[in-house]
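Shown below: start33.pdb, with PDB, N, CA and C atoms, pLDDT in the B column.
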ATOM      1  N   MET A 272     -44.566 160.838 -16.548  1.00 58.00           N
ATOM      2  CA  MET A 272     -45.874 161.050 -15.973  1.00 58.00           C
ATOM      3  C   MET A 272     -46.071 160.012 -14.857  1.00 58.00           C
ATOM      4  N   THR A 273     -46.539 160.460 -13.717  1.00 68.00           N
ATOM      5  CA  THR A 273     -46.756 159.545 -12.598  1.00 68.00           C
ATOM      6  C   THR A 273     -48.138 158.886 -12.717  1.00 68.00           C
ATOM      7  N   PRO A 274     -48.225 157.608 -12.326  1.00 71.00           N
ATOM      8  CA  PRO A 274     -49.523 156.938 -12.388  1.00 71.00           C
ATOM      9  C   PRO A 274     -50.471 157.501 -11.323  1.00 71.00           C
ATOM     10  N   PRO A 275     -51.765 157.395 -11.543  1.00 74.00           N
ATOM     11  CA  PRO A 275     -52.718 157.903 -10.550  1.00 74.00           C
ATOM     12  C   PRO A 275     -52.628 157.101  -9.252  1.00 74.00           C
ATOM     13  N   ALA A 276     -52.991 157.735  -8.173  1.00 77.00           N
ATOM     14  CA  ALA A 276     -52.962 157.078  -6.859  1.00 77.00           C
ATOM     15  C   ALA A 276     -54.004 155.958  -6.826  1.00 77.00           C
ATOM     16  N   PRO A 277     -53.732 154.895  -6.053  1.00 85.00           N
ATOM     17  CA  PRO A 277     -54.717 153.821  -5.929  1.00 85.00           C
ATOM     18  C   PRO A 277     -56.035 154.342  -5.345  1.00 85.00           C
ATOM     19  N   VAL A 278     -57.104 153.656  -5.655  1.00 87.00           N
ATOM     20  CA  VAL A 278     -58.436 154.069  -5.205  1.00 87.00           C
ATOM     21  C   VAL A 278     -58.492 154.145  -3.684  1.00 87.00           C
ATOM     22  N   LEU A 279     -57.893 153.190  -3.011  1.00 88.00           N
ATOM     23  CA  LEU A 279     -57.907 153.197  -1.546  1.00 88.00           C
ATOM     24  C   LEU A 279     -57.246 154.458  -1.002  1.00 88.00           C
ATOM     25  N   THR A 280     -56.140 154.847  -1.573  1.00 89.00           N
ATOM     26  CA  THR A 280     -55.450 156.068  -1.134  1.00 89.00           C
ATOM     27  C   THR A 280     -56.318 157.294  -1.372  1.00 89.00           C
ATOM     28  N   GLN A 281     -57.002 157.341  -2.494  1.00 90.00           N
ATOM     29  CA  GLN A 281     -57.880 158.472  -2.784  1.00 90.00           C
ATOM     30  C   GLN A 281     -59.048 158.532  -1.804  1.00 90.00           C
ATOM     31  N   LEU A 282     -59.611 157.376  -1.458  1.00 90.00           N
ATOM     32  CA  LEU A 282     -60.712 157.341  -0.480  1.00 90.00           C
ATOM     33  C   LEU A 282     -60.239 157.811   0.889  1.00 90.00           C
ATOM     34  N   GLU A 283     -59.048 157.376   1.298  1.00 91.00           N
ATOM     35  CA  GLU A 283     -58.519 157.794   2.597  1.00 91.00           C
ATOM     36  C   GLU A 283     -58.251 159.293   2.621  1.00 91.00           C
ATOM     37  N   THR A 284     -57.775 159.837   1.512  1.00 93.00           N
ATOM     38  CA  THR A 284     -57.544 161.283   1.423  1.00 93.00           C
ATOM     39  C   THR A 284     -58.863 162.047   1.523  1.00 93.00           C
ATOM     40  N   ALA A 285     -59.882 161.574   0.834  1.00 92.00           N
ATOM     41  CA  ALA A 285     -61.200 162.219   0.899  1.00 92.00           C
ATOM     42  C   ALA A 285     -61.755 162.176   2.312  1.00 92.00           C
ATOM     43  N   TYR A 286     -61.596 161.035   2.993  1.00 91.00           N
ATOM     44  CA  TYR A 286     -62.064 160.902   4.375  1.00 91.00           C
ATOM     45  C   TYR A 286     -61.365 161.922   5.266  1.00 91.00           C
ATOM     46  N   ASP A 287     -60.043 162.023   5.120  1.00 93.00           N
ATOM     47  CA  ASP A 287     -59.286 162.978   5.935  1.00 93.00           C
ATOM     48  C   ASP A 287     -59.738 164.410   5.697  1.00 93.00           C
ATOM     49  N   LEU A 288     -60.002 164.763   4.439  1.00 92.00           N
ATOM     50  CA  LEU A 288     -60.444 166.125   4.125  1.00 92.00           C
ATOM     51  C   LEU A 288     -61.803 166.435   4.751  1.00 92.00           C
ATOM     52  N   VAL A 289     -62.756 165.531   4.610  1.00 88.00           N
ATOM     53  CA  VAL A 289     -64.096 165.765   5.166  1.00 88.00           C
ATOM     54  C   VAL A 289     -64.027 165.814   6.689  1.00 88.00           C
ATOM     55  N   ALA A 290     -63.255 164.919   7.294  1.00 88.00           N
ATOM     56  CA  ALA A 290     -63.136 164.911   8.753  1.00 88.00           C
ATOM     57  C   ALA A 290     -62.517 166.210   9.259  1.00 88.00           C
ATOM     58  N   GLU A 291     -61.521 166.714   8.549  1.00 90.00           N
ATOM     59  CA  GLU A 291     -60.883 167.964   8.959  1.00 90.00           C
ATOM     60  C   GLU A 291     -61.859 169.138   8.840  1.00 90.00           C
ATOM     61  N   VAL A 292     -62.642 169.177   7.790  1.00 86.00           N
ATOM     62  CA  VAL A 292     -63.636 170.249   7.625  1.00 86.00           C
ATOM     63  C   VAL A 292     -64.642 170.206   8.774  1.00 86.00           C
ATOM     64  N   LEU A 293     -65.096 169.017   9.136  1.00 84.00           N
ATOM     65  CA  LEU A 293     -66.070 168.899  10.220  1.00 84.00           C
ATOM     66  C   LEU A 293     -65.459 169.252  11.577  1.00 84.00           C
ATOM     67  N   ARG A 294     -64.175 168.966  11.758  1.00 87.00           N
ATOM     68  CA  ARG A 294     -63.512 169.364  13.011  1.00 87.00           C
ATOM     69  C   ARG A 294     -63.433 170.878  13.125  1.00 87.00           C
ATOM     70  N   ARG A 295     -63.165 171.536  12.012  1.00 88.00           N
ATOM     71  CA  ARG A 295     -63.015 172.998  12.037  1.00 88.00           C
ATOM     72  C   ARG A 295     -64.351 173.730  12.091  1.00 88.00           C
ATOM     73  N   ALA A 296     -65.398 173.141  11.529  1.00 85.00           N
ATOM     74  CA  ALA A 296     -66.708 173.794  11.482  1.00 85.00           C
ATOM     75  C   ALA A 296     -67.792 172.789  11.871  1.00 85.00           C
ATOM     76  N   PRO A 297     -67.971 172.539  13.167  1.00 78.00           N
ATOM     77  CA  PRO A 297     -68.948 171.541  13.593  1.00 78.00           C
ATOM     78  C   PRO A 297     -70.388 171.865  13.186  1.00 78.00           C
ATOM     79  N   GLN A 298     -70.676 173.103  12.875  1.00 80.00           N
ATOM     80  CA  GLN A 298     -72.030 173.451  12.453  1.00 80.00           C
ATOM     81  C   GLN A 298     -72.379 172.806  11.108  1.00 80.00           C
ATOM     82  N   LEU A 299     -71.393 172.316  10.381  1.00 75.00           N
ATOM     83  CA  LEU A 299     -71.649 171.668   9.097  1.00 75.00           C
ATOM     84  C   LEU A 299     -72.159 170.237   9.252  1.00 75.00           C
ATOM     85  N   HIS A 300     -72.213 169.730  10.465  1.00 69.00           N
ATOM     86  CA  HIS A 300     -72.766 168.393  10.680  1.00 69.00           C
ATOM     87  C   HIS A 300     -74.211 168.329  10.190  1.00 69.00           C
ATOM     88  N   GLU A 301     -74.888 169.448  10.190  1.00 72.00           N
ATOM     89  CA  GLU A 301     -76.283 169.493   9.755  1.00 72.00           C
ATOM     90  C   GLU A 301     -76.414 169.495   8.233  1.00 72.00           C
ATOM     91  N   VAL A 302     -75.298 169.570   7.516  1.00 72.00           N
ATOM     92  CA  VAL A 302     -75.324 169.644   6.061  1.00 72.00           C
ATOM     93  C   VAL A 302     -75.034 168.270   5.430  1.00 72.00           C
ATOM     94  N   ARG A 303     -75.145 167.235   6.210  1.00 76.00           N
ATOM     95  CA  ARG A 303     -74.970 165.848   5.781  1.00 76.00           C
ATOM     96  C   ARG A 303     -73.532 165.481   5.429  1.00 76.00           C
ATOM     97  N   LEU A 304     -72.573 166.315   5.800  1.00 74.00           N
ATOM     98  CA  LEU A 304     -71.186 165.928   5.609  1.00 74.00           C
ATOM     99  C   LEU A 304     -70.812 164.796   6.551  1.00 74.00           C
ATOM    100  N   ASP A 305     -71.501 164.721   7.698  1.00 73.00           N
ATOM    101  CA  ASP A 305     -71.210 163.628   8.616  1.00 73.00           C
ATOM    102  C   ASP A 305     -71.607 162.292   7.995  1.00 73.00           C
ATOM    103  N   GLN A 306     -72.624 162.284   7.144  1.00 84.00           N
ATOM    104  CA  GLN A 306     -72.996 161.055   6.444  1.00 84.00           C
ATOM    105  C   GLN A 306     -71.947 160.681   5.404  1.00 84.00           C
ATOM    106  N   ALA A 307     -71.259 161.672   4.878  1.00 85.00           N
ATOM    107  CA  ALA A 307     -70.186 161.401   3.921  1.00 85.00           C
ATOM    108  C   ALA A 307     -69.081 160.595   4.583  1.00 85.00           C
ATOM    109  N   LEU A 308     -68.812 160.860   5.869  1.00 85.00           N
ATOM    110  CA  LEU A 308     -67.791 160.084   6.579  1.00 85.00           C
ATOM    111  C   LEU A 308     -68.172 158.617   6.657  1.00 85.00           C
ATOM    112  N   LEU A 309     -69.433 158.343   6.903  1.00 87.00           N
ATOM    113  CA  LEU A 309     -69.891 156.956   6.958  1.00 87.00           C
ATOM    114  C   LEU A 309     -69.734 156.279   5.598  1.00 87.00           C
ATOM    115  N   VAL A 310     -70.159 156.961   4.547  1.00 89.00           N
ATOM    116  CA  VAL A 310     -70.047 156.397   3.205  1.00 89.00           C
ATOM    117  C   VAL A 310     -68.581 156.153   2.848  1.00 89.00           C
ATOM    118  N   LEU A 311     -67.719 157.103   3.173  1.00 89.00           N
ATOM    119  CA  LEU A 311     -66.300 156.936   2.868  1.00 89.00           C
ATOM    120  C   LEU A 311     -65.673 155.805   3.672  1.00 89.00           C
ATOM    121  N   SER A 312     -66.028 155.687   4.947  1.00 89.00           N
ATOM    122  CA  SER A 312     -65.439 154.615   5.754  1.00 89.00           C
ATOM    123  C   SER A 312     -65.903 153.245   5.254  1.00 89.00           C
ATOM    124  N   LEU A 313     -67.151 153.121   4.834  1.00 89.00           N
ATOM    125  CA  LEU A 313     -67.622 151.860   4.257  1.00 89.00           C
ATOM    126  C   LEU A 313     -66.929 151.571   2.926  1.00 89.00           C
ATOM    127  N   SER A 314     -66.684 152.604   2.148  1.00 89.00           N
ATOM    128  CA  SER A 314     -65.979 152.429   0.879  1.00 89.00           C
ATOM    129  C   SER A 314     -64.530 152.005   1.106  1.00 89.00           C
ATOM    130  N   ILE A 315     -63.903 152.564   2.138  1.00 88.00           N
ATOM    131  CA  ILE A 315     -62.529 152.194   2.466  1.00 88.00           C
ATOM    132  C   ILE A 315     -62.468 150.728   2.875  1.00 88.00           C
ATOM    133  N   GLN A 316     -63.414 150.288   3.685  1.00 89.00           N
ATOM    134  CA  GLN A 316     -63.441 148.878   4.084  1.00 89.00           C
ATOM    135  C   GLN A 316     -63.596 147.976   2.868  1.00 89.00           C
ATOM    136  N   ARG A 317     -64.459 148.352   1.974  1.00 88.00           N
ATOM    137  CA  ARG A 317     -64.682 147.538   0.777  1.00 88.00           C
ATOM    138  C   ARG A 317     -63.447 147.529  -0.116  1.00 88.00           C
ATOM    139  N   ALA A 318     -62.790 148.671  -0.251  1.00 87.00           N
ATOM    140  CA  ALA A 318     -61.578 148.749  -1.072  1.00 87.00           C
ATOM    141  C   ALA A 318     -60.455 147.912  -0.472  1.00 87.00           C
ATOM    142  N   ARG A 319     -60.388 147.845   0.848  1.00 86.00           N
ATOM    143  CA  ARG A 319     -59.358 147.015   1.488  1.00 86.00           C
ATOM    144  C   ARG A 319     -59.575 145.532   1.214  1.00 86.00           C
ATOM    145  N   ARG A 320     -60.818 145.126   1.025  1.00 87.00           N
ATOM    146  CA  ARG A 320     -61.117 143.720   0.731  1.00 87.00           C
ATOM    147  C   ARG A 320     -60.923 143.386  -0.741  1.00 87.00           C
ATOM    148  N   SER A 321     -60.920 144.372  -1.592  1.00 83.00           N
ATOM    149  CA  SER A 321     -60.831 144.154  -3.031  1.00 83.00           C
ATOM    150  C   SER A 321     -59.372 144.164  -3.488  1.00 83.00           C
ATOM    151  N   PRO A 322     -58.891 143.078  -4.091  1.00 78.00           N
ATOM    152  CA  PRO A 322     -57.495 143.054  -4.536  1.00 78.00           C
ATOM    153  C   PRO A 322     -57.206 144.059  -5.651  1.00 78.00           C
ATOM    154  N   THR A 323     -58.207 144.456  -6.403  1.00 77.00           N
ATOM    155  CA  THR A 323     -57.956 145.416  -7.485  1.00 77.00           C
ATOM    156  C   THR A 323     -57.959 146.859  -7.011  1.00 77.00           C
ATOM    157  N   LEU A 324     -58.530 147.149  -5.855  1.00 69.00           N
ATOM    158  CA  LEU A 324     -58.629 148.532  -5.380  1.00 69.00           C
ATOM    159  C   LEU A 324     -57.596 148.891  -4.321  1.00 69.00           C
ATOM    160  N   ARG A 325     -57.105 147.925  -3.592  1.00 63.00           N
ATOM    161  CA  ARG A 325     -56.167 148.242  -2.510  1.00 63.00           C
ATOM    162  C   ARG A 325     -54.771 148.485  -3.050  1.00 63.00           C
ATOM    163  N   ALA A 326     -54.012 149.199  -2.278  1.00 55.00           N
ATOM    164  CA  ALA A 326     -52.636 149.509  -2.648  1.00 55.00           C
ATOM    165  C   ALA A 326     -51.701 148.456  -2.079  1.00 55.00           C
ATOM    166  N   GLY A 327     -50.777 147.988  -2.851  1.00 54.00           N
ATOM    167  CA  GLY A 327     -49.738 147.041  -2.470  1.00 54.00           C
ATOM    168  C   GLY A 327     -49.807 146.467  -1.065  1.00 54.00           C
ATOM    169  N   PRO A 328     -48.713 146.461  -0.326  1.00 49.00           N
ATOM    170  CA  PRO A 328     -48.685 145.856   0.999  1.00 49.00           C
ATOM    171  C   PRO A 328     -49.315 146.708   2.096  1.00 49.00           C
ATOM    172  N   SER A 329     -49.597 147.982   1.853  1.00 50.00           N
ATOM    173  CA  SER A 329     -50.120 148.843   2.913  1.00 50.00           C
ATOM    174  C   SER A 329     -51.570 148.528   3.267  1.00 50.00           C
ATOM    175  N   TRP A 330     -52.269 147.723   2.460  1.00 43.00           N
ATOM    176  CA  TRP A 330     -53.668 147.399   2.754  1.00 43.00           C
ATOM    177  C   TRP A 330     -53.803 146.550   3.989  1.00 43.00           C
ATOM    178  N   ARG A 331     -52.746 145.905   4.430  1.00 45.00           N
ATOM    179  CA  ARG A 331     -52.810 145.000   5.579  1.00 45.00           C
ATOM    180  C   ARG A 331     -52.872 145.743   6.912  1.00 45.00           C
ATOM    181  N   GLN A 332     -52.671 147.016   6.880  1.00 49.00           N
ATOM    182  CA  GLN A 332     -52.744 147.781   8.126  1.00 49.00           C
ATOM    183  C   GLN A 332     -54.161 147.735   8.660  1.00 49.00           C
ATOM    184  N   SER A 333     -54.287 147.470   9.952  1.00 51.00           N
ATOM    185  CA  SER A 333     -55.618 147.354  10.549  1.00 51.00           C
ATOM    186  C   SER A 333     -56.054 148.667  11.207  1.00 51.00           C
ATOM    187  N   GLU A 334     -55.735 149.756  10.572  1.00 56.00           N
ATOM    188  CA  GLU A 334     -56.081 151.069  11.119  1.00 56.00           C
ATOM    189  C   GLU A 334     -57.447 151.476  10.601  1.00 56.00           C
ATOM    190  N   PHE A 335     -58.440 151.432  11.459  1.00 53.00           N
ATOM    191  CA  PHE A 335     -59.771 151.890  11.085  1.00 53.00           C
ATOM    192  C   PHE A 335     -59.949 153.297  11.587  1.00 53.00           C
ATOM    193  N   ARG A 336     -60.544 154.130  10.794  1.00 57.00           N
ATOM    194  CA  ARG A 336     -60.637 155.554  11.106  1.00 57.00           C
ATOM    195  C   ARG A 336     -61.947 155.958  11.746  1.00 57.00           C
ATOM    196  N   PHE A 337     -62.793 155.046  12.084  1.00 52.00           N
ATOM    197  CA  PHE A 337     -64.062 155.443  12.682  1.00 52.00           C
ATOM    198  C   PHE A 337     -64.226 154.834  14.034  1.00 52.00           C
TER
END
Please express what this file holds, its structure, as C-alpha cells.
Amino acid sequence: MTPPAPVLTQLETAYDLVAEVLRRAPQLHEVRLDQALLVLSLSIQRARRSPTLRAGPSWRQSEFRF
C-alpha cells in the first residue's frame, strides 16, 4: 500500500484543478471559485513554511503560482 501524498502536494493538485476549471469556463469566476484560488495559494504558502506539511526537499522551490 502506498502512503498518502504530502499535504503540500495535495494542495498544489487542488490549486491546479481549480485553475484549470476557471481557464476553461471563465463564467465560473462569479461562483467564488476564484476565491478558492486565493485560499489555496495561502494554504500552499503556509504548508511550505511548516516542516510537518511540506514534502521532503521539493519544498525549497521558490515557484509561486499566483
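Computed from the coordinates, the atom C of Thr323 (chain A) to CA of Pro277 (chain A) distance equals 7.8 Å.
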Could you pull the residues within 8 Å of region 304-309 of chain A, counting all atoms listed in the file, minus those fewer than 6 positions along the same chain, as a PDB file with N, CA and C atoms, keeping the file's coordinate frame?
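Output below, filename around_20.pdb:
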ATOM      1  N   ALA A 285     -59.882 161.574   0.834  1.00 92.00           N
ATOM      2  CA  ALA A 285     -61.200 162.219   0.899  1.00 92.00           C
ATOM      3  C   ALA A 285     -61.755 162.176   2.312  1.00 92.00           C
ATOM      4  N   TYR A 286     -61.596 161.035   2.993  1.00 91.00           N
ATOM      5  CA  TYR A 286     -62.064 160.902   4.375  1.00 91.00           C
ATOM      6  C   TYR A 286     -61.365 161.922   5.266  1.00 91.00           C
ATOM      7  N   VAL A 289     -62.756 165.531   4.610  1.00 88.00           N
ATOM      8  CA  VAL A 289     -64.096 165.765   5.166  1.00 88.00           C
ATOM      9  C   VAL A 289     -64.027 165.814   6.689  1.00 88.00           C
ATOM     10  N   ALA A 290     -63.255 164.919   7.294  1.00 88.00           N
ATOM     11  CA  ALA A 290     -63.136 164.911   8.753  1.00 88.00           C
ATOM     12  C   ALA A 290     -62.517 166.210   9.259  1.00 88.00           C
ATOM     13  N   LEU A 293     -65.096 169.017   9.136  1.00 84.00           N
ATOM     14  CA  LEU A 293     -66.070 168.899  10.220  1.00 84.00           C
ATOM     15  C   LEU A 293     -65.459 169.252  11.577  1.00 84.00           C
ATOM     16  N   ILE A 315     -63.903 152.564   2.138  1.00 88.00           N
ATOM     17  CA  ILE A 315     -62.529 152.194   2.466  1.00 88.00           C
ATOM     18  C   ILE A 315     -62.468 150.728   2.875  1.00 88.00           C
ATOM     19  N   PHE A 337     -62.793 155.046  12.084  1.00 52.00           N
ATOM     20  CA  PHE A 337     -64.062 155.443  12.682  1.00 52.00           C
ATOM     21  C   PHE A 337     -64.226 154.834  14.034  1.00 52.00           C
TER      22      PHE A 337
END
- prompt: What separation in Å, quoted to one decimal, exists between CA of Arg294 (chain A) and CA of Ala318 (chain A)?
  reply: 25.0 Å
- request: Please indicate the distance in Å from atom N of Val278 (chain A) to atom C of Glu291 (chain A), rounded to one decimal place.
  value: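 That distance, rounded to one decimal, is 21.7 Å.
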